[in-house]
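Text of input-v8.cif (mmCIF, C-alpha atoms) as supplied:
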```cif
data_run
loop_
_atom_site.label_atom_id
_atom_site.label_comp_id
_atom_site.auth_asym_id
_atom_site.auth_seq_id
_atom_site.Cartn_x
_atom_site.Cartn_y
_atom_site.Cartn_z
CA MET A 1 -9.74 -2.31 19.34
CA GLN A 2 -8.51 1.29 19.39
CA GLN A 3 -5.88 0.46 16.74
CA ILE A 4 -8.52 -1.08 14.45
CA PHE A 5 -10.76 1.98 14.87
CA LEU A 6 -7.84 4.31 14.17
CA ALA A 7 -6.83 2.27 11.10
CA LEU A 8 -10.40 2.41 9.76
CA LEU A 9 -10.64 6.14 10.44
CA LEU A 10 -7.30 6.97 8.80
CA GLY A 11 -8.00 4.62 5.88
CA GLY A 12 -11.40 6.25 5.37
CA LEU A 13 -9.88 9.73 5.46
CA PHE A 14 -7.15 8.67 3.03
CA GLY A 15 -9.76 7.21 0.67
CA PHE A 16 -11.82 10.40 0.93
CA VAL A 17 -8.80 12.51 -0.04
CA LEU A 18 -7.93 10.15 -2.91
CA ASP A 19 -11.46 10.55 -4.26
CA ARG A 20 -11.45 14.34 -3.82
CA ILE A 21 -8.19 14.80 -5.77
CA GLY A 22 -9.44 12.62 -8.63
CA ALA A 23 -7.26 9.57 -7.99
CA THR A 24 -10.29 7.27 -8.22
CA ASN A 25 -10.72 8.22 -11.87
CA PRO A 26 -8.37 6.14 -14.04
CA GLY A 27 -8.55 8.81 -16.75
CA TYR A 28 -6.73 11.27 -14.47
CA ILE A 29 -4.14 8.65 -13.59
CA ILE A 30 -3.48 7.80 -17.26
CA LYS A 31 -3.17 11.55 -18.05
CA MET A 32 -0.62 11.84 -15.23
CA LEU A 33 1.34 8.85 -16.52
CA ASN A 34 1.41 10.12 -20.11
CA LEU A 35 2.38 13.57 -18.74
CA THR A 36 -0.55 15.53 -20.22
CA ASP A 37 -2.17 16.52 -16.90
CA LEU A 38 0.16 16.74 -13.90
CA HIS A 39 -2.46 17.63 -11.25
CA LEU A 40 -2.19 14.24 -9.52
CA MET A 41 1.60 14.18 -9.82
CA LYS A 42 1.80 17.60 -8.18
CA THR A 43 -0.53 16.43 -5.39
CA ILE A 44 1.40 13.20 -4.82
CA LEU A 45 4.78 14.97 -4.77
CA ALA A 46 3.47 17.62 -2.37
CA GLY A 47 1.97 14.97 -0.08
CA ILE A 48 5.16 12.89 0.03
CA GLY A 49 7.26 16.04 0.53
CA VAL A 50 5.14 17.37 3.40
CA ALA A 51 5.07 13.94 5.08
CA SER A 52 8.86 13.66 4.75
CA VAL A 53 9.46 17.12 6.21
CA LEU A 54 7.08 16.43 9.10
CA LEU A 55 8.58 13.00 9.83
CA PHE A 56 12.25 13.93 9.66
CA GLY A 57 11.66 17.36 11.20
CA GLY A 58 9.84 15.58 14.03
CA LEU A 59 12.82 13.24 14.47
CA VAL A 60 15.23 16.19 14.64
CA LEU A 61 13.04 18.01 17.18
CA GLY A 62 12.47 14.89 19.26
CA LEU A 63 8.71 14.91 18.58
CA VAL A 64 8.78 11.57 16.75
CA ASP A 65 10.13 8.45 18.47
CA VAL A 66 12.69 6.75 16.22
CA GLY A 67 11.34 3.42 17.48
CA HIS A 68 8.25 3.96 15.31
CA LEU A 69 10.31 3.81 12.10
CA SER A 70 9.99 0.63 10.11
CA VAL A 71 12.42 0.12 7.25
CA LYS A 72 11.47 -2.54 4.73
CA THR A 73 13.99 -5.07 3.44
CA ALA A 74 15.53 -4.38 0.01
CA TYR A 75 15.74 -7.30 -2.39
CA VAL A 76 15.58 -7.80 -6.15
CA GLY A 77 11.95 -8.93 -5.89
CA VAL A 78 10.98 -5.45 -4.64
CA PHE A 79 12.24 -3.94 -7.90
CA ILE A 80 10.51 -6.63 -10.00
CA GLY A 81 7.31 -6.03 -8.03
CA GLY A 82 7.68 -2.28 -8.55
CA LEU A 83 7.96 -2.80 -12.31
CA LEU A 84 4.88 -5.04 -12.29
CA LEU A 85 2.95 -2.55 -10.16
CA GLY A 86 3.95 0.29 -12.50
CA ALA A 87 2.86 -1.67 -15.56
CA GLY A 88 -0.44 -2.53 -13.91
CA PHE A 89 -0.86 1.11 -12.87
CA ALA A 90 -0.40 2.22 -16.49
CA ILE A 91 -2.67 -0.47 -17.95
CA ALA A 92 -5.53 -0.29 -15.42
CA GLY A 93 -5.22 3.30 -14.28
CA TYR A 94 -5.26 2.15 -10.66
CA CYS A 95 -2.82 1.26 -7.91
CA PRO A 96 -4.00 -0.77 -4.88
CA GLY A 97 -5.10 2.27 -2.85
CA THR A 98 -6.87 4.06 -5.67
CA GLY A 99 -8.46 0.81 -6.89
CA LEU A 100 -9.93 0.03 -3.45
CA THR A 101 -11.20 3.59 -3.12
CA ALA A 102 -12.71 3.51 -6.61
CA ALA A 103 -14.48 0.23 -5.76
CA ALA A 104 -15.78 1.82 -2.53
CA THR A 105 -17.23 4.72 -4.54
CA GLY A 106 -19.13 2.24 -6.70
CA ARG A 107 -16.94 2.12 -9.81
CA PHE A 108 -17.33 -1.27 -11.48
CA ASP A 109 -13.83 -1.11 -13.01
CA GLY A 110 -12.46 -0.47 -9.51
CA LEU A 111 -14.21 -3.61 -8.26
CA VAL A 112 -12.81 -5.64 -11.17
CA PHE A 113 -9.34 -4.26 -10.38
CA VAL A 114 -9.66 -5.29 -6.71
CA LEU A 115 -10.82 -8.79 -7.68
CA GLY A 116 -7.89 -9.06 -10.10
CA GLY A 117 -5.54 -8.00 -7.32
CA LEU A 118 -6.92 -10.71 -5.04
CA VAL A 119 -6.44 -13.32 -7.78
CA GLY A 120 -2.87 -12.05 -8.27
CA ALA A 121 -2.19 -12.26 -4.52
CA ALA A 122 -3.52 -15.83 -4.46
CA ALA A 123 -1.29 -16.73 -7.43
CA TYR A 124 1.71 -15.24 -5.61
CA MET A 125 0.92 -17.22 -2.46
CA GLY A 126 0.57 -20.38 -4.53
CA SER A 127 3.92 -19.83 -6.24
CA PHE A 128 5.79 -18.42 -3.22
CA ALA A 129 8.02 -21.48 -2.77
CA TRP A 130 9.18 -21.22 -6.40
CA VAL A 131 9.67 -17.42 -6.12
CA LYS A 132 11.74 -17.88 -2.96
CA SER A 133 13.86 -20.61 -4.56
CA SER A 134 14.67 -18.27 -7.48
CA GLY A 135 16.75 -16.04 -5.19
CA VAL A 136 14.85 -12.80 -5.86
CA LEU A 137 14.02 -12.54 -2.12
CA GLU A 138 17.68 -12.45 -1.03
CA LYS A 139 18.67 -9.22 0.73
CA ILE A 140 20.60 -6.55 -1.19
CA ALA A 141 22.11 -3.18 -0.21
CA GLY A 142 22.24 -4.10 3.45
CA GLY A 143 18.68 -5.43 3.64
CA LYS A 144 16.90 -3.15 6.10
CA ALA A 145 19.14 -0.12 5.58
CA THR A 146 18.64 3.63 5.40
CA LEU A 147 20.43 6.06 3.07
CA GLY A 148 22.02 7.96 5.95
CA THR A 149 22.48 7.35 9.65
CA ILE A 150 19.28 7.86 11.66
CA GLU A 151 20.28 8.75 15.19
CA GLY A 152 18.91 6.32 17.76
CA SER A 153 17.97 3.63 15.22
CA SER A 154 19.64 0.28 14.78
CA TYR A 155 19.35 0.31 10.98
CA PRO A 156 22.65 0.32 9.06
CA ALA A 157 23.27 3.28 6.74
CA LEU A 158 24.33 3.00 3.11
CA ILE A 159 26.23 6.30 3.46
CA ASP A 160 27.92 6.35 6.87
CA GLY A 161 28.40 9.73 8.46
CA LEU A 162 25.65 11.44 6.49
CA PRO A 163 22.64 12.23 8.71
CA GLY A 164 19.55 10.44 7.45
CA GLU A 165 17.35 13.18 8.88
CA ALA A 166 19.11 15.74 6.65
CA ILE A 167 18.58 13.51 3.59
CA GLY A 168 14.89 13.09 4.46
CA LEU A 169 14.38 16.84 4.98
CA ALA A 170 16.24 17.72 1.77
CA MET A 171 14.27 15.20 -0.28
CA GLY A 172 11.02 16.43 1.26
CA PHE A 173 11.78 20.03 0.32
CA ILE A 174 12.84 18.97 -3.20
CA PHE A 175 9.52 17.15 -3.66
CA ILE A 176 7.55 20.19 -2.42
CA VAL A 177 9.44 22.62 -4.67
CA THR A 178 9.02 20.26 -7.63
CA ALA A 179 5.28 19.99 -6.95
CA PHE A 180 4.91 23.77 -7.08
CA ALA A 181 7.27 24.20 -10.06
CA LEU A 182 5.51 21.70 -12.34
CA PRO A 183 2.77 23.08 -14.59
CA ARG A 184 -0.68 21.59 -14.14
CA ARG A 185 -1.14 20.73 -17.81
CA VAL A 186 1.29 19.91 -20.57
CA THR A 187 0.09 19.80 -24.18
CA GLY A 188 2.38 19.37 -27.18
CA GLY A 189 5.38 20.05 -24.97
CA HIS A 190 4.09 23.48 -23.90
CA ALA A 191 2.81 24.18 -20.41
CA ILE A 192 -0.76 25.43 -20.19
CA GLU A 193 -1.91 26.81 -16.88
CA PRO A 194 -5.50 25.95 -15.91
CA ALA A 195 -8.15 28.64 -16.23
CA GLU A 196 -9.20 30.09 -12.91
#
```

So that I can check it, write out the structure of this file as structure tokens.
Amino acid sequence: MQQIFLALLLGGLFGFVLDRIGATNPGYIIKMLNLTDLHLMKTILAGIGVASVLLFGGLVLGLVDVGHLSVKTAYVGVFIGGLLLGAGFAIAGYCPGTGLTAAATGRFDGLVFVLGGLVGAAAYMGSFAWVKSSGVLEKIAGGKATLGTIEGSSYPALIDGLPGEAIGLAMGFIFIVTAFALPRRVTGGHAIEPAE
């Protein structure tokens, strides 16, 4: 019961933040994707960067138990799904998280997006046997593998000898620096800083 409560609390907080940064407005998402307003991109990059630094820094300092890491399996279907998700993101202006949050705030287009997602999930379930038989769910790049070796984990590394924690920290810092270096707005190829 405590896990369900915690999941609801964290999900609610995540949805609140998504709404506050404008991610429940498909107009902002489309502007991010066509590179005219980078506010959301900056926020997303900063969030991923901070989370990466905290996670891998916590691993290095022994504050995070490596047993809590869960690496997902790599297969061709993940890349196909990513392309489909990206196309849907560009067409609808929503991804699953922002669509659910938009529906929760009362946006009708968010509700339609969620219903479309449920229909898509049902279609995938109905065609799963065919998808599996196509071979796109076969493991690639070691399956559940990390870029570098994570000390104490049983996951194989794609680059042996290179510490995965160092890769995670470096990528986190790169994301944070990129988030601060990007201009908020880009118009006609020239950066325009927002008025204060």

Matched chain/residue IDs from the PyMOL selection byres ((chain A and resi 181) around 12), as an MDAnalysis selection string = chainID A and resid 38:39 41:43 45:46 174:180 182:185 191 193

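CA of Phe56 in chain A sits 15.6 Å away from CA of Ala157 in chain A.
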
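Pairwise distance (CA of Ala7 in chain A, CA of Thr24 in chain A) equals 20.3 Å.
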
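If you measure from each of A:Leu84, A:Ala102, A:Leu158, A:Leu169 to Ala23 in chain A using all atoms listed in the file, the closest one turns out to be A:Ala102.
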
Return the single residue from A:Asp37, A:Asn25, A:Leu13, A:Gln3 that is closest to Val186 in chain A, with distances computed using only C-alpha atoms.
->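 The answer is A:Asp37, which sits nearest to Val186 in chain A.
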
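Residue nearest Leu100 in chain A, chosen from A:Leu137, A:Leu63, A:Val114, A:Met171 and counting all atoms listed in the file: A:Val114.
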
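With all atoms listed in the file as the basis for measurement, A:Leu18 is the residue among A:Ile150, A:Leu10, A:Leu18, A:Val136 that approaches Pro96 in chain A most closely.
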
Selection: 8 Å around range 161-167 of chain A, all atoms listed in the file, excl. self and same-chain fewer than 2 positions, as a ChimeraX atom specification = /A:56-57,59-60,146-151,159,169-171

Resolved residues for the PyMOL selection byres ((chain A and resi 67) around 12) as a list of chain:residue names | A:Leu59, A:Gly62, A:Leu63, A:Val64, A:Asp65, A:Val66, A:His68, A:Leu69, A:Ser70, A:Val71, A:Ile150, A:Glu151, A:Gly152, A:Ser153, A:Ser154, A:Tyr155

Starting from the shown file, work through the PyMOL selection byres ((chain A and resi 144) around 6) and note down what comes out as a ChimeraX atom specification.
-> /A:71-73,143,145

A:Arg20, A:Gly81, A:Gly15, A:Ala51: which is nearest Ala103 in chain A, counting only C-alpha atoms?
->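 Ranking A:Arg20, A:Gly81, A:Gly15, A:Ala51 by distance to Ala103 in chain A, first place goes to A:Gly15.
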
To one decimal place, how far is CA of Val76 in chain A from CA of Trp130 in chain A in Å?
->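 Those two atoms sit 14.9 Å apart.
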
Residue nearest Val78 in chain A among A:Met125, A:Ser133, A:Gly47, A:Lys139 (counting only C-alpha atoms) =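 Counting only C-alpha atoms, the residue closest to Val78 in chain A is A:Lys139.
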
Shell around Thr101 in chain A at 8 Å using all atoms listed in the file, local window under 3 positions removed, as a list in words =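 Once the adjacent positions are removed, what remains is Gly15, Phe16, Leu18, Asp19, Thr24, Gly97, Thr98, Ala104, Thr105 and Gly110 of chain A.
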
Which residues, written as a list in words, have at least one atom at most 10 Å from Gly117 in chain A, with only C-alpha atoms counted and residues fewer than 6 positions away on the same chain left out?
->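 Non-adjacent residues within range: Gly88, Cys95, Pro96, Gly99, Leu100, Leu111 and Ala123 of chain A.
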